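J.: The structure is given below, and queries will be raised subsequently.
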Amino acid sequence: MRNRISLTLRIWRQESPEGGGGFQSYHLEEVSCDLSLLEALDQLNEQLINAGERPIHFEHDCREGICGSCGFLVNGQAHGPQEATSVCQLYLRQFNHGATLTLEPWRARAFPLIQDLAVDRSALDRIISAGGYCSVNVGQAPNANALLVGKEQAQSAFNTATCIGCGACIASCRNASASLFVAAKLAHLAQLPQGQPERQKRTRAMQEAMQAEGFGSCSSNLECEAVCPKQISADWISWMRREQQ
Amino acid sequence: MGSLGGAWRRTREQLPLISPQRKRSLHVFVVGSGLAGSSAAATLAEQGYRVTVMTYHDSPRRAHSVAAQGGINAARDNAGDGDSVSRLFADTLRGGDFRAREAGCMRLAELSSAIIDQAVAQGVPFAREYGGTLATRSFGGALVSRTFYARGQTGQQLLYGSTQAMLRQVAAGRIQLLCRRDALELITHDGVARGVVARNLLTGALEVYTAHAVVLATGGYSNVFFLSTNAVKSNASAIWRAHRQGALFANPCFTQIHPTCIPSGDPGQSKLTLMSESLRNDGRVWVPDRANDTRDPGQIPEAERDYFLERLYPSYGNMAPRDLASRRARERCNAGHGVGPGRRSVFLDLRDAITEQGREPIAQRYGNLLEMYERITGEDPYTSPLRIYPAPHYTMGGLWVDYHLMSSIPGLFVLGEANFSEHGANRLGASALMQGLADGTFIAPATITAWLSSHSTPNLSNDAPACRDALQRGHQRIDGLLATQGHRPVDAFHRELGATMINCCGISRHAASLRKGIHEIGQLEQAFQAEVRIPGEKDGPNVELEKALRVSDFFGLAQLMLRDALAREESCGAHFREEYQTLDGEGQRDDARFAHIAAWEHQGDHAEPRRYSEPLTFTIVQPSARSYR
């Protein structure tokens with residue numbers, strides 16, 4: 001296996017939300033396979049800065065796959081080809097020497113483009129604001145062990161609660177639906193005793209918020225599940241439909 | 001437990017209150033949306049205050065609390081192993097090597113249990129036993145099982161609990177949420193903190209925000225080392241700008257190096273990734289007995305393996321506190337026993353645990369961590385041991401605060417990792433989440449109320465001289481950076497800063513290298529001012545300008561860390577001065593000269609900062625040499 005590879009990166013460049021953008025090609029020569037794709041972009045940006053050009057704007061922060069900041073399409077796939085992996089955890093050893101990677105931003109009406117690969121995902125927080133919580137003030141909490149939750153039930157609730165809000169499910173849905181995102185939060189809270197009192201109200205409010213933000217309805221093609229870095233099951237979308245009734 | 005036990009309850013009962021109507025006219029500005037910031041904001045809003053929360057992220061859920069893996073401590077005797085408030089208190093104080101305030105540690109231990117109740121009520125899906133009760137595990141530096149967890153994503157789950165509580169208040173109209181903004185300057189009026197100047201990261205505009213009290217919950221400063229476990233954008237700017245406005249900075253040299261991180265590889269690497277130390281519950285740390293042994297780990301027989309933590313610390317073994325585990329790993333590597341590329345790592349071996357318990361329980365406990373390890377390294381941790389090496393992780397130092405978490409600038413409250421408080425010279429595992437939530441959920445809302453009860457001055461106009469001054473300072477810095485037109489990108493300087501800091505002020509320190517570091521960083525800062533290149537404009541998004549503002553603040557802080565490490569002529573906790581050690585290589589405290597908190601005051605750009613000391617007294621647990629042997 002090679003330790004270093006050369007890559008061609010075709011990257012979407014767009015100065016501002018208004019006006020269009022287009023792909024521009026860049027070459028990276030003999031970069032270490034032990035770098036992540038974002039670290040390769042860091043290197044490319046240093047080259048651009050040295051040449052006096054504007055560096056590529058991409059979102060990132062923790063770079064360990066948990067903050068959910070990063071995300072763009074790699075050759076048409078949200079977060080790239082590796083399963084259960086956000087793009088910050090995608091290492092160059094996944095690619096062949098001489099490969100061309102096309103990087104473009106999430107495309108969805110509810111995610112307006114900011115610049116290059118960065119989009120505005122604040123709609124997701126507004127959906128949570130609509131009801132993605134248990135209404136309990138500080139001072140009102142009962143003893144945590146008074147609420148018994150079976151081991152497997154707790155694990156299942158945890159699995160749905162791991163959504164990092166990256167937006168990959170939306171970017172890969174042909175209707176740009178936020179169904180998996182909404183279903184995950186509803187399922188997290190509906191599986192716990194704490195979530196019961198507001199269960200119906202929450203389901204209604206979050207669904208309405210999703211529509212109001214301009215997300216489409218579920219396209220049933222399961223791409224959302226395939227690209228989810230936390231592997232949240234699309235079965236929860238079917239579950240959500242039953243919840244609504 | 002003497003008068004310390006219950007002191008917080010008694011204090012709280014006597015703190016002044018404010019009527020609900022008056023609260024509605026009082027405005028608190030919170031910088032940072034991590035556990036401390038979001039929990040403080042939610043609680044203050046629940047009580048009726050007007051609150052504004054500002055974060056540099058696009059969403060509050062991204063704050064770096066999200067990355068905490070292992071768990072959160074609480075003294076609930078959940079495992080029936082004899083845990084108690086006084087044990088958690090003593091462990092925290094001892095773990096911090098007697099460089100924290102007793103009263104603060106006691107309060108933290110007393111509040112720990114209520115944090116779990118609140119989190120569970122918010123819907124945090126902690127791990128449970130079959131019977132439905134909460135599960136716990138043990139962590140470094142403790143002999144009891146008191147760490148509550150949600151697989152390897154405890155920070156994420158707690159953060160979502162508290163940011164959801166905060167978003168509920170956003171929906172109720174009590175919190176205004178400002179995303180994508182960096183704090184640039186603190187606004188002080190008549191010596192009191194009254195607001196913040198922020199840079200809007202989308203438009204580039206400088207914005208003025210005023211309030212009746214300001215909360216900084218902006219996290220730690222490990223990114224001064226460039227390579228650390230922190231998120232790439234984590235920064236010290238808000239606390240450093242407040243320090244320059246007069247807030248004392250306490251124990252800046254107390255920085256923790258976490259023992260179980262994935263070792264560094266390529267020079268282009270941008271961060272180091274932590275593997276929760278909960279892995280040490282089941283993993284055994286070892287190196288080959290023979291130096292420069294290049295055999296595959298599977299080929300090295302049991303008798304030729306040095307389980308050095310078990311050998312050196314028989315009673316705690318692999319669960320020795322972080323500072324000891326880190327130092328010993330480095331020592332083994334320096335002696336030629338390291339493994340992997342560059343021989344700069346040690347093994348963390350799950351083999352015995354997998355043999356005893358089977359693969360499934362191990363996968364359940366650590367599955368996501370082990371997958372992450374495989375993604376980053378390309379190696380399978382189920383069949384060959386993990387390789388780990390210490391990395392800068394958590395900063396115990398931070399802005400000095402009093403018992404009310406107020407800094408030396410009245411009206412400026414500092415919470416979570418951003419303050420210096422209860423971890424002394426070394427933080428115990430699973431105590432950061434506990435402190436962030438104790439500060440934000442319970443302490444600050446009570447003490448901010450007490451402060452505002454007698455300091456609810458009229459609203460400050462955005463046009464007031466104090467605001468204009470702060471705005472002016474912000475513009476000057478940005479204009480200066482953009483005017484430089486040099487030839488080196490910001491990252492090049494940051495990388496060099498990090499290399500100097502890890503060499504001079506990392507796992508071990510020495511007077512000569514600390515002096516050398518101060519000199520080198522002074523020169524690097526000058527080079528930065530003359531040679532940095534920031535393309536782009538003042539208006540609109542400018543990521544390089546964001547970086548430059550953050551890195552320029554790290555230079556001053558780095559020098560203060562080095563000065564503090566130089567002035568503290570003893571070894572304590574994570575601060576290991578090579579000159580001060582026992583014959584068997586353990587750090588030697590000097591209680592006669594250094595049983596105090598060092599608090600530094602900024603004296604201007606061209607003068608040495610002034611060092612104050614706050615003496616520490618111990619009434620319950622008498623300082624003794626830490627012993628984990």
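Residues in the structure tokens are named by chain (A, B, ... in the order shown) and by number from 1 within that chain; ligands are numbered from 1 in the order shown.
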What lies within 10 Å of Leu437 (chain B) using only C-alpha atoms, ignoring chain neighbours under 6 positions off, as a ChimeraX atom specification?

T.: /B:34-40,72,108,111-112,115-116,118-119,158-159,162,415-416,443

J.: Write out as a PyMOL selection string the residues lying within 12 Å of Asp117 (chain B), counting only C-alpha atoms and excluding same-chain residues fewer than 5 positions away.

T.: (chain A and resi 136-147+194) or (chain B and resi 74+76+111-112+122-126+134+148+158+161+437+441)

J.: Near chain A, meaning an atom within 7 Å, which residues of chain B appear when counting only C-alpha atoms? Write them as a short mmCIF file (atom, residue, chain, number, x, y, z; two decimals) with C-alpha atoms, in the first residue's frame.

T.:
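The result, stored in part_24.cif:
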```cif
data_model
loop_
_atom_site.label_atom_id
_atom_site.label_comp_id
_atom_site.auth_asym_id
_atom_site.auth_seq_id
_atom_site.Cartn_x
_atom_site.Cartn_y
_atom_site.Cartn_z
CA THR B 43 -31.55 28.11 34.38
CA GLU B 46 -36.27 29.64 33.70
CA ASP B 58 -23.40 27.54 13.82
CA SER B 59 -25.36 25.69 16.51
CA ARG B 62 -21.40 21.82 18.61
CA HIS B 64 -16.69 21.06 22.67
CA VAL B 66 -19.91 17.35 23.05
CA ALA B 67 -16.64 15.46 22.74
CA ILE B 116 -27.60 13.46 37.61
CA ASP B 117 -31.23 13.98 38.63
CA GLN B 118 -31.52 17.08 36.47
CA VAL B 120 -32.10 12.37 33.65
CA ALA B 121 -35.19 14.57 33.93
CA GLN B 122 -34.05 16.31 30.72
CA GLY B 123 -34.01 12.93 28.98
CA PRO B 125 -30.14 8.37 28.25
CA ALA B 127 -26.55 3.55 30.73
CA ARG B 128 -28.84 1.41 32.90
CA GLU B 129 -28.71 -1.93 34.63
CA TYR B 130 -31.17 -4.68 33.67
CA GLY B 131 -33.42 -3.67 36.54
CA GLY B 132 -33.68 -0.16 35.16
CA THR B 133 -31.48 1.68 37.65
CA LEU B 134 -28.48 3.77 36.70
CA GLN B 164 -32.37 21.48 24.46
CA ALA B 165 -33.33 23.07 27.78
CA LEU B 167 -33.65 26.04 23.07
CA ARG B 168 -36.88 25.58 25.00
CA VAL B 170 -35.37 30.39 23.03
CA ALA B 171 -38.81 29.24 21.89
CA ASN B 230 -9.52 20.20 21.81
CA ALA B 231 -11.65 21.12 18.83
CA VAL B 232 -9.64 22.98 16.23
CA LYS B 233 -11.36 26.30 16.90
CA ASP B 266 2.08 13.15 9.93
CA GLY B 268 0.09 17.87 8.55
CA GLN B 269 -2.02 16.48 11.38
CA SER B 270 -4.41 19.07 12.83
CA THR B 273 -7.83 12.36 19.32
CA ARG B 375 -10.78 4.76 11.22
CA ILE B 376 -7.91 7.00 12.25
CA HIS B 487 4.05 35.99 3.68
CA ARG B 488 3.28 33.19 6.20
CA PRO B 489 -0.14 31.68 6.98
CA PRO B 535 -6.01 37.09 2.56
CA GLY B 536 -9.50 38.54 2.20
#
```

J.: Name all residues at most 9 Å from Ala183 (chain A) (count only C-alpha atoms; drop same-chain ones fewer than 3 positions away) and give them as a list in words.

T.: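 Contacts, in chain order: Thr160, Ala178, Ser179, Leu180, Leu186, Ala187, His188, Thr203, Ala234, Trp236, Ile237, Ser238, Trp239 and Met240 of chain A.
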
J.: Can I get the selection written as an mmCIF file, in the first residue's frame, with N, CA and C atoms?

T.:
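This went into out08.cif:
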```cif
data_model
loop_
_atom_site.group_PDB
_atom_site.id
_atom_site.type_symbol
_atom_site.label_atom_id
_atom_site.label_comp_id
_atom_site.auth_asym_id
_atom_site.auth_seq_id
_atom_site.Cartn_x
_atom_site.Cartn_y
_atom_site.Cartn_z
ATOM 1 N N THR A 160 -30.820 6.510 19.246
ATOM 2 C CA THR A 160 -31.487 7.565 18.477
ATOM 3 C C THR A 160 -31.002 8.944 18.914
ATOM 4 N N ALA A 178 -36.179 16.262 6.323
ATOM 5 C CA ALA A 178 -35.486 16.147 7.605
ATOM 6 C C ALA A 178 -36.137 15.043 8.447
ATOM 7 N N SER A 179 -36.774 14.085 7.786
ATOM 8 C CA SER A 179 -37.531 13.065 8.526
ATOM 9 C C SER A 179 -36.660 12.266 9.493
ATOM 10 N N LEU A 180 -35.467 11.880 9.061
ATOM 11 C CA LEU A 180 -34.646 11.062 9.954
ATOM 12 C C LEU A 180 -34.203 11.875 11.167
ATOM 13 N N LEU A 186 -37.597 12.535 18.154
ATOM 14 C CA LEU A 186 -38.873 12.076 18.716
ATOM 15 C C LEU A 186 -38.714 10.703 19.367
ATOM 16 N N ALA A 187 -37.972 9.813 18.693
ATOM 17 C CA ALA A 187 -37.807 8.454 19.216
ATOM 18 C C ALA A 187 -36.972 8.445 20.482
ATOM 19 N N HIS A 188 -35.935 9.287 20.509
ATOM 20 C CA HIS A 188 -35.114 9.383 21.726
ATOM 21 C C HIS A 188 -36.003 9.678 22.928
ATOM 22 N N THR A 203 -44.530 15.595 18.918
ATOM 23 C CA THR A 203 -44.587 15.011 17.573
ATOM 24 C C THR A 203 -45.207 16.000 16.591
ATOM 25 N N ALA A 234 -33.513 4.114 9.561
ATOM 26 C CA ALA A 234 -34.673 4.761 8.940
ATOM 27 C C ALA A 234 -35.985 4.106 9.368
ATOM 28 N N TRP A 236 -37.069 4.278 12.090
ATOM 29 C CA TRP A 236 -37.686 5.263 12.982
ATOM 30 C C TRP A 236 -38.597 6.224 12.220
ATOM 31 N N ILE A 237 -38.374 6.350 10.914
ATOM 32 C CA ILE A 237 -39.284 7.199 10.132
ATOM 33 C C ILE A 237 -40.653 6.521 10.026
ATOM 34 N N SER A 238 -40.646 5.199 9.800
ATOM 35 C CA SER A 238 -41.928 4.470 9.770
ATOM 36 C C SER A 238 -42.601 4.553 11.134
ATOM 37 N N TRP A 239 -41.778 4.405 12.178
ATOM 38 C CA TRP A 239 -42.305 4.524 13.541
ATOM 39 C C TRP A 239 -42.963 5.896 13.738
ATOM 40 N N MET A 240 -42.300 6.932 13.195
ATOM 41 C CA MET A 240 -42.829 8.293 13.359
ATOM 42 C C MET A 240 -44.196 8.430 12.680
#
```

J.: Once DSSP has gone over the backbone, tell me which residues of region 171-249 of chain B are in strand (DSSP E), as a PyMOL selection string.

T.: chain B and resi 175-178+181-189+192-200+206-210+213-216+249

J.: Show which residues sit within 7 Å of Tyr209 (chain B), as a ChimeraX atom specification. Count only C-alpha atoms, and ignore same-chain residues fewer than 6 positions away.

T.: /B:195-197

J.: Among region 259-406 of chain B, which ones does DSSP place in alpha helix (DSSP H), written as an MDAnalysis selection string?

T.: chainID B and resid 308:312 322:332 351:357 359:377

J.: Can you tell me, as a list in words, what residues are no more than 10 Å from Asp402 (chain B) when counting only C-alpha atoms, ignoring any on the same chain fewer than 4 positions away?

T.: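 What passes the distance filter is Gly104, Met406, Ser407, Ser408, Phe413, Val414, Asn419 and Ser421 of chain B.
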
J.: May I ask for the distance between CA of Pro445 (chain B) and CA of Ala41 (chain B), given in Å to one decimal place?

T.: 8.6 Å

J.: Excluding same-chain residues fewer than 4 positions from Ala109 (chain B), what lies within 9 Å of it counting only C-alpha atoms, as number ranges by chain?

T.: B: 73-75, 84-89, 92, 104-105, 113, 434

J.: Restricted to N, CA and C atoms, what would the selected residues look like written as a PDB file, in the first residue's frame?

T.:
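So selection-v9.pdb came out as:
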```
ATOM      1  N   ASN B  73     -18.926  12.159  37.192  1.00  0.00           N
ATOM      2  CA  ASN B  73     -18.890  11.634  38.551  1.00  0.00           C
ATOM      3  C   ASN B  73     -20.057  12.156  39.385  1.00  0.00           C
ATOM      4  N   ALA B  74     -20.529  11.338  40.295  1.00  0.00           N
ATOM      5  CA  ALA B  74     -21.500  11.806  41.275  1.00  0.00           C
ATOM      6  C   ALA B  74     -21.413  10.913  42.507  1.00  0.00           C
ATOM      7  N   ALA B  75     -21.491  11.538  43.668  1.00  0.00           N
ATOM      8  CA  ALA B  75     -21.401  10.798  44.927  1.00  0.00           C
ATOM      9  C   ALA B  75     -22.787  10.327  45.328  1.00  0.00           C
ATOM     10  N   SER B  84     -19.276   8.326  49.001  1.00  0.00           N
ATOM     11  CA  SER B  84     -19.986   9.348  49.765  1.00  0.00           C
ATOM     12  C   SER B  84     -19.485  10.709  49.321  1.00  0.00           C
ATOM     13  N   VAL B  85     -20.212  11.737  49.742  1.00  0.00           N
ATOM     14  CA  VAL B  85     -19.790  13.102  49.431  1.00  0.00           C
ATOM     15  C   VAL B  85     -18.383  13.347  49.951  1.00  0.00           C
ATOM     16  N   SER B  86     -18.096  12.891  51.149  1.00  0.00           N
ATOM     17  CA  SER B  86     -16.769  13.181  51.691  1.00  0.00           C
ATOM     18  C   SER B  86     -15.671  12.449  50.937  1.00  0.00           C
ATOM     19  N   ARG B  87     -15.988  11.274  50.377  1.00  0.00           N
ATOM     20  CA  ARG B  87     -14.965  10.580  49.578  1.00  0.00           C
ATOM     21  C   ARG B  87     -14.719  11.288  48.240  1.00  0.00           C
ATOM     22  N   LEU B  88     -15.793  11.715  47.589  1.00  0.00           N
ATOM     23  CA  LEU B  88     -15.606  12.428  46.317  1.00  0.00           C
ATOM     24  C   LEU B  88     -14.848  13.734  46.565  1.00  0.00           C
ATOM     25  N   PHE B  89     -15.208  14.404  47.658  1.00  0.00           N
ATOM     26  CA  PHE B  89     -14.501  15.627  48.048  1.00  0.00           C
ATOM     27  C   PHE B  89     -13.006  15.349  48.229  1.00  0.00           C
ATOM     28  N   THR B  92     -11.166  14.491  44.983  1.00  0.00           N
ATOM     29  CA  THR B  92     -10.961  15.662  44.131  1.00  0.00           C
ATOM     30  C   THR B  92      -9.794  16.504  44.639  1.00  0.00           C
ATOM     31  N   GLY B 104     -14.583  24.830  47.669  1.00  0.00           N
ATOM     32  CA  GLY B 104     -15.083  24.599  46.321  1.00  0.00           C
ATOM     33  C   GLY B 104     -15.241  23.121  46.025  1.00  0.00           C
ATOM     34  N   CYS B 105     -14.246  22.338  46.449  1.00  0.00           N
ATOM     35  CA  CYS B 105     -14.314  20.890  46.207  1.00  0.00           C
ATOM     36  C   CYS B 105     -15.489  20.284  46.959  1.00  0.00           C
ATOM     37  N   SER B 113     -24.772  14.934  42.940  1.00  0.00           N
ATOM     38  CA  SER B 113     -25.899  14.024  42.817  1.00  0.00           C
ATOM     39  C   SER B 113     -27.094  14.682  42.116  1.00  0.00           C
ATOM     40  N   MET B 434     -18.998  17.311  35.469  1.00  0.00           N
ATOM     41  CA  MET B 434     -19.594  17.602  36.776  1.00  0.00           C
ATOM     42  C   MET B 434     -19.416  19.079  37.124  1.00  0.00           C
TER      43      MET B 434
END
```

J.: Set the distance at 12 Å and use only C-alpha atoms: which residues neighbour Gly573 (chain B) once local chain neighbours fewer than 5 positions away are removed? I'd like the list as a ChimeraX atom specification.

T.: /B:92-100,141,253-257,321-327,396,423-428,507-508,581,586-589,625-627

J.: To one decimal in Å, tell me the separation between CA of Pro385 (chain B) and CA of Leu348 (chain B).

T.: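 Computing the Euclidean distance for CA of Pro385 (chain B) and CA of Leu348 (chain B) yields 5.7 Å.
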
J.: If you measure from CA of Glu544 (chain B) to CA of His606 (chain B), what distance in Å do you get, rounded to one decimal?

T.: 26.9 Å
